[in-house]
Structures are given as C-alpha cells and as structure tokens.
file run_6.pdb (PDB, C-alpha atoms, pLDDT in the B column)
ATOM      1  CA  ASN A1292      -4.880  -4.347   8.216  1.00 87.00           C
ATOM      2  CA  LEU A1293      -3.327  -1.895  10.602  1.00 93.00           C
ATOM      3  CA  SER A1294      -5.836   0.022  12.712  1.00 94.00           C
ATOM      4  CA  ARG A1295      -6.204   3.764  12.189  1.00 95.00           C
ATOM      5  CA  ALA A1296      -4.796   4.362  15.650  1.00 97.00           C
ATOM      6  CA  ASP A1297      -1.754   2.193  14.955  1.00 97.00           C
ATOM      7  CA  ALA A1298      -1.223   3.834  11.557  1.00 97.00           C
ATOM      8  CA  SER A1299      -1.360   7.240  13.268  1.00 97.00           C
ATOM      9  CA  ALA A1300       1.239   6.022  15.749  1.00 98.00           C
ATOM     10  CA  VAL A1301       3.513   5.050  12.832  1.00 98.00           C
ATOM     11  CA  VAL A1302       3.030   8.513  11.318  1.00 98.00           C
ATOM     12  CA  LYS A1303       4.036  10.043  14.647  1.00 98.00           C
ATOM     13  CA  ASP A1304       6.736   7.628  15.872  1.00 97.00           C
ATOM     14  CA  GLY A1305       7.842   5.720  12.775  1.00 96.00           C
ATOM     15  CA  PHE A1306       8.211   1.951  12.681  1.00 96.00           C
ATOM     16  CA  ALA A1307       9.130   1.971  16.388  1.00 96.00           C
ATOM     17  CA  ALA A1308       5.350   2.068  16.966  1.00 97.00           C
ATOM     18  CA  LEU A1309       5.036  -1.450  15.520  1.00 97.00           C
ATOM     19  CA  PRO A1310       5.501  -4.643  17.513  1.00 96.00           C
ATOM     20  CA  GLU A1311       9.104  -5.816  17.716  1.00 96.00           C
ATOM     21  CA  GLY A1312       8.296  -9.056  15.882  1.00 94.00           C
ATOM     22  CA  LEU A1313       7.055  -7.214  12.799  1.00 94.00           C
ATOM     23  CA  ARG A1314      10.018  -4.858  12.820  1.00 94.00           C
ATOM     24  CA  ALA A1315      12.494  -7.713  13.197  1.00 94.00           C
ATOM     25  CA  THR A1316      10.905  -9.807  10.461  1.00 92.00           C
ATOM     26  CA  TYR A1317      10.125  -7.199   7.821  1.00 93.00           C
ATOM     27  CA  LEU A1318      11.759  -3.908   8.648  1.00 93.00           C
ATOM     28  CA  ASP A1319      15.193  -4.986   9.869  1.00 87.00           C
ATOM     29  CA  ARG A1320      16.911  -3.022   7.091  1.00 90.00           C
ATOM     30  CA  PRO A1321      16.262   0.329   5.435  1.00 93.00           C
ATOM     31  CA  LEU A1322      13.335   0.450   3.039  1.00 94.00           C
ATOM     32  CA  PRO A1323      14.329   0.275  -0.618  1.00 95.00           C
ATOM     33  CA  ALA A1324      14.545   3.895  -1.794  1.00 96.00           C
ATOM     34  CA  ALA A1325      12.347   3.224  -4.845  1.00 96.00           C
ATOM     35  CA  LEU A1326       9.633   1.631  -2.685  1.00 97.00           C
ATOM     36  CA  LEU A1327       9.610   4.530  -0.223  1.00 97.00           C
ATOM     37  CA  GLN A1328       9.583   7.107  -3.026  1.00 98.00           C
ATOM     38  CA  ALA A1329       6.715   5.330  -4.797  1.00 97.00           C
ATOM     39  CA  GLN A1330       4.740   5.298  -1.541  1.00 97.00           C
ATOM     40  CA  VAL A1331       5.508   9.006  -0.968  1.00 98.00           C
ATOM     41  CA  ASP A1332       4.322   9.763  -4.509  1.00 97.00           C
ATOM     42  CA  ALA A1333       1.128   7.756  -3.944  1.00 96.00           C
ATOM     43  CA  VAL A1334       0.382   9.611  -0.698  1.00 97.00           C
ATOM     44  CA  ARG A1335       1.069  12.946  -2.373  1.00 97.00           C
ATOM     45  CA  GLU A1336      -1.214  12.158  -5.313  1.00 94.00           C
ATOM     46  CA  GLY A1337      -3.859  10.521  -3.133  1.00 92.00           C
ATOM     47  CA  HIS A1338      -4.087  13.723  -1.123  1.00 93.00           C
ATOM     48  CA  CYS A1339      -4.285  15.944  -4.202  1.00 94.00           C
ATOM     49  CA  ASN A1340      -0.810  17.438  -3.712  1.00 95.00           C
ATOM     50  CA  MET A1341      -2.179  19.317  -0.699  1.00 93.00           C
ATOM     51  CA  LEU A1342      -0.315  17.747   2.214  1.00 94.00           C
ATOM     52  CA  PRO A1343       2.666  19.462   3.770  1.00 96.00           C
ATOM     53  CA  GLU A1344       5.899  17.931   2.500  1.00 97.00           C
ATOM     54  CA  THR A1345       6.837  17.021   6.089  1.00 97.00           C
ATOM     55  CA  LEU A1346       3.871  14.614   6.336  1.00 97.00           C
ATOM     56  CA  LEU A1347       4.483  12.692   3.114  1.00 98.00           C
ATOM     57  CA  GLU A1348       7.213  10.313   4.254  1.00 98.00           C
ATOM     58  CA  PRO A1349       5.623   9.576   7.661  1.00 98.00           C
ATOM     59  CA  MET A1350       2.303   8.823   5.962  1.00 98.00           C
ATOM     60  CA  ALA A1351       4.080   6.682   3.350  1.00 98.00           C
ATOM     61  CA  ARG A1352       5.664   4.705   6.187  1.00 97.00           C
ATOM     62  CA  ALA A1353       2.170   4.122   7.605  1.00 98.00           C
ATOM     63  CA  GLN A1354       1.138   2.681   4.222  1.00 97.00           C
ATOM     64  CA  VAL A1355       4.198   0.432   4.290  1.00 98.00           C
ATOM     65  CA  ALA A1356       3.231  -0.657   7.798  1.00 98.00           C
ATOM     66  CA  ARG A1357      -0.284  -1.521   6.579  1.00 97.00           C
ATOM     67  CA  ASP A1358       1.182  -3.677   3.796  1.00 97.00           C
ATOM     68  CA  VAL A1359       3.588  -5.383   6.207  1.00 97.00           C
ATOM     69  CA  VAL A1360       0.737  -6.229   8.593  1.00 97.00           C
ATOM     70  CA  MET A1361      -1.367  -7.658   5.749  1.00 96.00           C
ATOM     71  CA  ALA A1362       1.567  -9.708   4.420  1.00 95.00           C
ATOM     72  CA  ASP A1363       2.337 -11.022   7.894  1.00 95.00           C
ATOM     73  CA  THR A1364      -1.309 -11.970   8.426  1.00 95.00           C
ATOM     74  CA  MET A1365      -1.329 -13.824   5.107  1.00 93.00           C
ATOM     75  CA  LEU A1366       1.904 -15.676   5.859  1.00 91.00           C
ATOM     76  CA  ARG A1367       0.607 -16.762   9.268  1.00 92.00           C
ATOM     77  CA  ALA A1368      -2.665 -17.910   7.686  1.00 92.00           C
ATOM     78  CA  LEU A1369      -0.770 -20.008   5.145  1.00 88.00           C
ATOM     79  CA  ALA A1370       0.459 -22.181   7.997  1.00 88.00           C
ATOM     80  CA  ASP A1371      -3.099 -23.480   8.410  1.00 92.00           C
ATOM     81  CA  HIS A1372      -4.615 -23.012   4.959  1.00 91.00           C
ATOM     82  CA  GLU A1373      -3.803 -24.172   1.452  1.00 88.00           C
ATOM     83  CA  PHE A1374      -4.257 -20.694   0.017  1.00 88.00           C
ATOM     84  CA  VAL A1375      -4.998 -17.180   1.164  1.00 91.00           C
ATOM     85  CA  PHE A1376      -6.861 -14.486  -0.731  1.00 92.00           C
ATOM     86  CA  LEU A1377      -6.437 -10.751  -0.157  1.00 94.00           C
ATOM     87  CA  LEU A1378      -9.039  -8.352  -1.439  1.00 94.00           C
ATOM     88  CA  ALA A1379      -7.629  -4.843  -1.159  1.00 94.00           C
ATOM     89  CA  GLY A1380      -7.182  -1.660  -3.114  1.00 93.00           C
ATOM     90  CA  ASN A1381      -4.801  -1.514  -6.065  1.00 92.00           C
ATOM     91  CA  GLY A1382      -2.084   0.229  -4.028  1.00 93.00           C
ATOM     92  CA  HIS A1383      -1.996  -2.635  -1.557  1.00 96.00           C
ATOM     93  CA  VAL A1384      -1.897  -5.319  -4.278  1.00 96.00           C
ATOM     94  CA  ASN A1385       0.693  -3.463  -6.377  1.00 95.00           C
ATOM     95  CA  ARG A1386       3.462  -6.014  -6.920  1.00 94.00           C
ATOM     96  CA  ASP A1387       6.228  -3.411  -6.663  1.00 93.00           C
ATOM     97  CA  ILE A1388       5.320  -1.629  -3.432  1.00 95.00           C
ATOM     98  CA  GLY A1389       2.349  -3.322  -1.776  1.00 96.00           C
ATOM     99  CA  VAL A1390       1.684  -6.572   0.043  1.00 96.00           C
ATOM    100  CA  PRO A1391       3.158  -8.712  -2.794  1.00 95.00           C
ATOM    101  CA  HIS A1392       6.533  -6.992  -2.325  1.00 95.00           C
ATOM    102  CA  TRP A1393       6.638  -8.143   1.296  1.00 94.00           C
ATOM    103  CA  LEU A1394       5.445 -11.670   0.459  1.00 93.00           C
ATOM    104  CA  ILE A1395       8.085 -12.041  -2.248  1.00 91.00           C
ATOM    105  CA  ALA A1396      10.783 -10.583   0.014  1.00 89.00           C
ATOM    106  CA  HIS A1397      10.012 -13.343   2.510  1.00 86.00           C
ATOM    107  CA  GLY A1398       9.967 -16.227   0.052  1.00 78.00           C
ATOM    108  CA  SER A1399       6.235 -16.667  -0.331  1.00 77.00           C
ATOM    109  CA  GLY A1400       5.618 -15.140  -3.720  1.00 68.00           C
ATOM    110  CA  GLN A1401       6.025 -18.209  -5.914  1.00 68.00           C
ATOM    111  CA  GLN A1402       2.283 -18.767  -6.262  1.00 83.00           C
ATOM    112  CA  LEU A1403       1.259 -15.153  -5.907  1.00 88.00           C
ATOM    113  CA  VAL A1404      -0.998 -13.522  -8.478  1.00 91.00           C
ATOM    114  CA  ALA A1405      -1.573  -9.786  -8.112  1.00 94.00           C
ATOM    115  CA  THR A1406      -4.711  -8.721  -9.964  1.00 95.00           C
ATOM    116  CA  GLY A1407      -5.567  -5.073 -10.498  1.00 94.00           C
ATOM    117  CA  TYR A1408      -8.876  -3.574 -11.517  1.00 95.00           C
ATOM    118  CA  LEU A1409      -8.046  -0.456 -13.485  1.00 94.00           C
ATOM    119  CA  GLU A1410     -10.317   2.148 -14.956  1.00 94.00           C
ATOM    120  CA  ARG A1411      -9.876   2.675 -18.680  1.00 95.00           C
ATOM    121  CA  GLY A1412      -7.411   5.497 -19.136  1.00 92.00           C
ATOM    122  CA  ASN A1413      -5.023   4.072 -16.530  1.00 91.00           C
ATOM    123  CA  GLU A1414      -3.470   1.427 -18.784  1.00 92.00           C
ATOM    124  CA  ALA A1415       0.045   2.570 -17.826  1.00 92.00           C
ATOM    125  CA  GLU A1416      -0.549   1.023 -14.387  1.00 93.00           C
ATOM    126  CA  ARG A1417      -0.725  -2.503 -15.899  1.00 94.00           C
ATOM    127  CA  ALA A1418       2.951  -3.112 -15.213  1.00 95.00           C
ATOM    128  CA  HIS A1419       2.320  -3.274 -11.447  1.00 95.00           C
ATOM    129  CA  PHE A1420       0.095  -6.362 -11.650  1.00 96.00           C
ATOM    130  CA  ASP A1421       0.263  -9.920 -12.977  1.00 94.00           C
ATOM    131  CA  SER A1422      -3.232  -9.676 -14.359  1.00 95.00           C
ATOM    132  CA  VAL A1423      -5.463  -6.695 -15.025  1.00 96.00           C
ATOM    133  CA  HIS A1424      -9.177  -6.223 -15.578  1.00 95.00           C
ATOM    134  CA  MET A1425     -10.058  -2.954 -17.278  1.00 96.00           C
ATOM    135  CA  VAL A1426     -13.326  -1.413 -16.149  1.00 95.00           C
ATOM    136  CA  ALA A1427     -15.319   1.631 -17.153  1.00 95.00           C
ATOM    137  CA  PRO A1428     -14.341   4.766 -15.246  1.00 91.00           C
ATOM    138  CA  ALA A1429     -16.604   5.376 -12.276  1.00 90.00           C
ATOM    139  CA  GLU A1430     -18.637   8.541 -12.338  1.00 91.00           C
ATOM    140  CA  ARG A1431     -17.670  10.547  -9.300  1.00 87.00           C
ATOM    141  CA  GLU A1432     -17.135  14.083  -8.231  1.00 88.00           C
ATOM    142  CA  ASP A1433     -13.582  15.399  -8.312  1.00 88.00           C
ATOM    143  CA  PRO A1434     -12.112  14.174  -4.999  1.00 83.00           C
ATOM    144  CA  CYS A1435      -9.540  16.970  -5.065  1.00 90.00           C
ATOM    145  CA  ALA A1436     -12.282  19.592  -5.187  1.00 88.00           C
ATOM    146  CA  ALA A1437     -13.780  18.158  -2.014  1.00 77.00           C
ATOM    147  CA  PHE A1438     -10.322  17.986  -0.416  1.00 75.00           C
ATOM    148  CA  ALA A1439      -9.649  21.639  -1.308  1.00 75.00           C
ATOM    149  CA  ALA A1440     -13.073  22.675   0.009  1.00 75.00           C
ATOM    150  CA  GLY A1441     -12.290  20.968   3.310  1.00 69.00           C
ATOM    151  CA  ARG A1442      -9.146  23.075   3.549  1.00 66.00           C
ATOM    152  CA  GLY A1443     -10.948  26.298   2.823  1.00 58.00           C
ATOM    153  CA  GLY A1444     -10.110  26.114  -0.885  1.00 53.00           C
ATOM    154  CA  ALA A1445      -6.372  26.621  -0.298  1.00 50.00           C
ATOM    155  CA  GLN A1446      -3.886  24.765  -2.442  1.00 45.00           C
TER     156      GLN A1446
END

call {"tool": "encode", "arguments": {"input": "run_6.pdb", "output": "structure tokens"}}
result
Amino acid sequence: NLSRADASAVVKDGFAALPEGLRATYLDRPLPAALLQAQVDAVREGHCNMLPETLLEPMARAQVARDVVMADTMLRALADHEFVFLLAGNGHVNRDIGVPHWLIAHGSGQQLVATGYLERGNEAERAHFDSVHMVAPAEREDPCAAFAAGRGGAQ
C-alpha cells in the first residue's frame, strides 16, 4: 500500500508525487472520467459528505495511487510466484475502480477473482465483484456522528 505520508503528498502535489516508474506505467494517460468520479463519490460518502469540495478530487487521486501501488506490487510478485492474494477493503478490490481495474488494464486480469464481503442491505454493490459473500451487518455507532462531533457538530 501507499504510506500515509506518500498519500498526503499525492493529495498535495497530485501524481507528480509518485515515482516516475509508476506514473509511466499506470498513469501515462488521463484517468477514465467514470473511475475518477466513482472515487470522488466514495471519498465524499466515506467522509460523511463533510469534506470541502476542493479536497474530494485530490483525495480520490490518493486512493487511485494506493490502488496503483498495490497492483504494481502484485504484478511484480507474480514474476516470482504462481499466484498472489490481496486482502483489502471492498473499495480496493472493486473490479471497476480498485486494484483489479489496474491489473486488467495491464493484461493481468485473466485469472483475477474479486471477492467482496457485503453486509446485508448492500446487495446493489454485488455488481462490482466476481463473487460476493453476504454477512450480517456489524453493530457499530454511526461513523458520521463521530465525524460531525470531531468537527464541532458542523455539517
């Protein structure tokens, strides 16, 4: 994965903060608009619609950078191993916008299986994975309430 410091650098400086080799291999053309918009939407929702609009795209680019780094790590590992397994959150294993997108874009998706673990009630997300395991919803406090409290309750 991309370190927090490196992800922060991408938020601040864009993909120029990444090593030239990664940029040349994966980011040598503009991001597909649908991929970038889906990442922006995920950042917006993941931060409870409380981030300034000006931060959404830079933070989405940091998520893209994380996925690119994971895909690159997997592709390099495949040179020495028969198979590689990635255990990551659903956003990173989402076939449309996560690590699988970058593996497929670079010709290594033929044996890829993206498996999502979805809480019941999120069945609409099935389309983003090759296989899905439905699980009981976790009992947790409202994460947006905690986010709002950290911001002084402002929305």

call {"tool": "resolve_selection", "arguments": {"input": "run_6.pdb", "expression": "the PyMOL selection byres ((chain A and resi 1425-1437) around 12)", "output": "short mmCIF file (atom, residue, chain, number, x, y, z; two decimals) with C-alpha atoms, in the frame of the given file"}}
result
data_model
loop_
_atom_site.label_atom_id
_atom_site.label_comp_id
_atom_site.auth_asym_id
_atom_site.auth_seq_id
_atom_site.Cartn_x
_atom_site.Cartn_y
_atom_site.Cartn_z
CA ARG A 1335 1.07 12.95 -2.37
CA GLU A 1336 -1.21 12.16 -5.31
CA GLY A 1337 -3.86 10.52 -3.13
CA HIS A 1338 -4.09 13.72 -1.12
CA CYS A 1339 -4.28 15.94 -4.20
CA ASN A 1340 -0.81 17.44 -3.71
CA MET A 1341 -2.18 19.32 -0.70
CA LEU A 1342 -0.32 17.75 2.21
CA THR A 1406 -4.71 -8.72 -9.96
CA GLY A 1407 -5.57 -5.07 -10.50
CA TYR A 1408 -8.88 -3.57 -11.52
CA LEU A 1409 -8.05 -0.46 -13.48
CA GLU A 1410 -10.32 2.15 -14.96
CA ARG A 1411 -9.88 2.68 -18.68
CA GLY A 1412 -7.41 5.50 -19.14
CA ASN A 1413 -5.02 4.07 -16.53
CA GLU A 1414 -3.47 1.43 -18.78
CA ALA A 1415 0.04 2.57 -17.83
CA GLU A 1416 -0.55 1.02 -14.39
CA ARG A 1417 -0.72 -2.50 -15.90
CA SER A 1422 -3.23 -9.68 -14.36
CA VAL A 1423 -5.46 -6.70 -15.02
CA HIS A 1424 -9.18 -6.22 -15.58
CA PHE A 1438 -10.32 17.99 -0.42
CA ALA A 1439 -9.65 21.64 -1.31
CA ALA A 1440 -13.07 22.68 0.01
CA GLY A 1441 -12.29 20.97 3.31
CA ARG A 1442 -9.15 23.08 3.55
CA GLY A 1443 -10.95 26.30 2.82
CA GLY A 1444 -10.11 26.11 -0.88
CA ALA A 1445 -6.37 26.62 -0.30
CA GLN A 1446 -3.89 24.76 -2.44
#

call {"tool": "closest_residue", "arguments": {"input": "run_6.pdb", "among": "A:Gln1330, A:Glu1348, A:Ser1299, A:His1397", "to": "Leu1318 of chain A", "atoms": "all atoms listed in the file"}}
result
A:His1397

call {"tool": "atom_distance", "arguments": {"input": "run_6.pdb", "atom1": "atom CA of Arg1314 of chain A", "atom2": "atom CA of Val1359 of chain A"}}
result
9.2 Å

call {"tool": "atom_distance", "arguments": {"input": "run_6.pdb", "atom1": "atom CA of Ser1399 of chain A", "atom2": "atom CA of Ala1315 of chain A"}}
result
17.4 Å

call {"tool": "closest_residue", "arguments": {"input": "run_6.pdb", "among": "A:Gly1312, A:Pro1323, A:Gly1380, A:Pro1343", "to": "His1392 of chain A", "atoms": "only C-alpha atoms"}}
result
A:Pro1323

call {"tool": "resolve_selection", "arguments": {"input": "run_6.pdb", "expression": "the PyMOL selection byres ((chain A and resi 1366-1371) around 12)", "output": "number ranges by chain"}}
result
A: 1316-1317, 1359-1365, 1372-1377, 1390-1391, 1393-1400, 1402-1403

call {"tool": "write_last_selection", "arguments": {"input": "run_6.pdb", "atoms": "C-alpha atoms", "output": "PDB file, in the coordinates of the input"}}
result
ATOM      1  CA  THR A1316      10.905  -9.807  10.461  1.00 92.00           C
ATOM      2  CA  TYR A1317      10.125  -7.199   7.821  1.00 93.00           C
ATOM      3  CA  VAL A1359       3.588  -5.383   6.207  1.00 97.00           C
ATOM      4  CA  VAL A1360       0.737  -6.229   8.593  1.00 97.00           C
ATOM      5  CA  MET A1361      -1.367  -7.658   5.749  1.00 96.00           C
ATOM      6  CA  ALA A1362       1.567  -9.708   4.420  1.00 95.00           C
ATOM      7  CA  ASP A1363       2.337 -11.022   7.894  1.00 95.00           C
ATOM      8  CA  THR A1364      -1.309 -11.970   8.426  1.00 95.00           C
ATOM      9  CA  MET A1365      -1.329 -13.824   5.107  1.00 93.00           C
ATOM     10  CA  HIS A1372      -4.615 -23.012   4.959  1.00 91.00           C
ATOM     11  CA  GLU A1373      -3.803 -24.172   1.452  1.00 88.00           C
ATOM     12  CA  PHE A1374      -4.257 -20.694   0.017  1.00 88.00           C
ATOM     13  CA  VAL A1375      -4.998 -17.180   1.164  1.00 91.00           C
ATOM     14  CA  PHE A1376      -6.861 -14.486  -0.731  1.00 92.00           C
ATOM     15  CA  LEU A1377      -6.437 -10.751  -0.157  1.00 94.00           C
ATOM     16  CA  VAL A1390       1.684  -6.572   0.043  1.00 96.00           C
ATOM     17  CA  PRO A1391       3.158  -8.712  -2.794  1.00 95.00           C
ATOM     18  CA  TRP A1393       6.638  -8.143   1.296  1.00 94.00           C
ATOM     19  CA  LEU A1394       5.445 -11.670   0.459  1.00 93.00           C
ATOM     20  CA  ILE A1395       8.085 -12.041  -2.248  1.00 91.00           C
ATOM     21  CA  ALA A1396      10.783 -10.583   0.014  1.00 89.00           C
ATOM     22  CA  HIS A1397      10.012 -13.343   2.510  1.00 86.00           C
ATOM     23  CA  GLY A1398       9.967 -16.227   0.052  1.00 78.00           C
ATOM     24  CA  SER A1399       6.235 -16.667  -0.331  1.00 77.00           C
ATOM     25  CA  GLY A1400       5.618 -15.140  -3.720  1.00 68.00           C
ATOM     26  CA  GLN A1402       2.283 -18.767  -6.262  1.00 83.00           C
ATOM     27  CA  LEU A1403       1.259 -15.153  -5.907  1.00 88.00           C
TER      28      LEU A1403
END

call {"tool": "build_atoms", "arguments": {"input": "run_6.pdb", "residues": "segment 1419-1436 of chain A", "atoms": "N, CA, C and O atoms", "output": "mmCIF file, in the frame of the given file"}}
result
data_model
loop_
_atom_site.group_PDB
_atom_site.id
_atom_site.type_symbol
_atom_site.label_atom_id
_atom_site.label_comp_id
_atom_site.auth_asym_id
_atom_site.auth_seq_id
_atom_site.Cartn_x
_atom_site.Cartn_y
_atom_site.Cartn_z
ATOM 1 N N HIS A 1419 2.219 -2.999 -12.883
ATOM 2 C CA HIS A 1419 2.320 -3.274 -11.447
ATOM 3 C C HIS A 1419 1.571 -4.529 -11.014
ATOM 4 O O HIS A 1419 1.568 -4.859 -9.825
ATOM 5 N N PHE A 1420 0.937 -5.218 -11.979
ATOM 6 C CA PHE A 1420 0.095 -6.362 -11.650
ATOM 7 C C PHE A 1420 0.403 -7.523 -12.583
ATOM 8 O O PHE A 1420 0.859 -7.340 -13.702
ATOM 9 N N ASP A 1421 0.104 -8.739 -12.131
ATOM 10 C CA ASP A 1421 0.263 -9.920 -12.977
ATOM 11 C C ASP A 1421 -0.895 -10.042 -13.953
ATOM 12 O O ASP A 1421 -0.735 -10.537 -15.056
ATOM 13 N N SER A 1422 -2.065 -9.629 -13.507
ATOM 14 C CA SER A 1422 -3.232 -9.676 -14.359
ATOM 15 C C SER A 1422 -4.051 -8.419 -14.082
ATOM 16 O O SER A 1422 -4.039 -7.889 -12.965
ATOM 17 N N VAL A 1423 -4.716 -7.949 -15.127
ATOM 18 C CA VAL A 1423 -5.463 -6.695 -15.025
ATOM 19 C C VAL A 1423 -6.836 -6.873 -15.658
ATOM 20 O O VAL A 1423 -6.970 -7.511 -16.705
ATOM 21 N N HIS A 1424 -7.832 -6.317 -15.015
ATOM 22 C CA HIS A 1424 -9.177 -6.223 -15.578
ATOM 23 C C HIS A 1424 -9.461 -4.740 -15.768
ATOM 24 O O HIS A 1424 -9.410 -3.968 -14.808
ATOM 25 N N MET A 1425 -9.731 -4.352 -16.992
ATOM 26 C CA MET A 1425 -10.058 -2.954 -17.278
ATOM 27 C C MET A 1425 -11.559 -2.772 -17.088
ATOM 28 O O MET A 1425 -12.352 -3.600 -17.528
ATOM 29 N N VAL A 1426 -11.919 -1.695 -16.414
ATOM 30 C CA VAL A 1426 -13.326 -1.413 -16.149
ATOM 31 C C VAL A 1426 -13.636 0.012 -16.592
ATOM 32 O O VAL A 1426 -12.733 0.841 -16.746
ATOM 33 N N ALA A 1427 -14.903 0.275 -16.777
ATOM 34 C CA ALA A 1427 -15.319 1.631 -17.153
ATOM 35 C C ALA A 1427 -15.008 2.583 -15.999
ATOM 36 O O ALA A 1427 -15.147 2.209 -14.833
ATOM 37 N N PRO A 1428 -14.596 3.796 -16.321
ATOM 38 C CA PRO A 1428 -14.341 4.766 -15.246
ATOM 39 C C PRO A 1428 -15.614 5.025 -14.445
ATOM 40 O O PRO A 1428 -16.706 5.135 -15.006
ATOM 41 N N ALA A 1429 -15.463 5.082 -13.150
ATOM 42 C CA ALA A 1429 -16.604 5.376 -12.276
ATOM 43 C C ALA A 1429 -16.945 6.854 -12.388
ATOM 44 O O ALA A 1429 -16.055 7.696 -12.530
ATOM 45 N N GLU A 1430 -18.220 7.139 -12.356
ATOM 46 C CA GLU A 1430 -18.637 8.541 -12.338
ATOM 47 C C GLU A 1430 -18.595 9.003 -10.891
ATOM 48 O O GLU A 1430 -19.226 8.416 -10.021
ATOM 49 N N ARG A 1431 -17.802 10.019 -10.647
ATOM 50 C CA ARG A 1431 -17.670 10.547 -9.300
ATOM 51 C C ARG A 1431 -17.279 12.007 -9.374
ATOM 52 O O ARG A 1431 -16.735 12.458 -10.374
ATOM 53 N N GLU A 1432 -17.565 12.695 -8.304
ATOM 54 C CA GLU A 1432 -17.135 14.083 -8.231
ATOM 55 C C GLU A 1432 -15.617 14.112 -8.096
ATOM 56 O O GLU A 1432 -15.002 13.135 -7.676
ATOM 57 N N ASP A 1433 -15.021 15.231 -8.433
ATOM 58 C CA ASP A 1433 -13.582 15.399 -8.312
ATOM 59 C C ASP A 1433 -13.199 15.329 -6.835
ATOM 60 O O ASP A 1433 -13.567 16.210 -6.062
ATOM 61 N N PRO A 1434 -12.463 14.286 -6.415
ATOM 62 C CA PRO A 1434 -12.112 14.174 -4.999
ATOM 63 C C PRO A 1434 -11.200 15.309 -4.543
ATOM 64 O O PRO A 1434 -11.225 15.688 -3.375
ATOM 65 N N CYS A 1435 -10.436 15.874 -5.455
ATOM 66 C CA CYS A 1435 -9.540 16.970 -5.065
ATOM 67 C C CYS A 1435 -10.326 18.251 -4.795
ATOM 68 O O CYS A 1435 -9.918 19.055 -3.952
ATOM 69 N N ALA A 1436 -11.454 18.425 -5.469
ATOM 70 C CA ALA A 1436 -12.282 19.592 -5.187
ATOM 71 C C ALA A 1436 -12.834 19.515 -3.773
ATOM 72 O O ALA A 1436 -12.842 20.512 -3.039
#
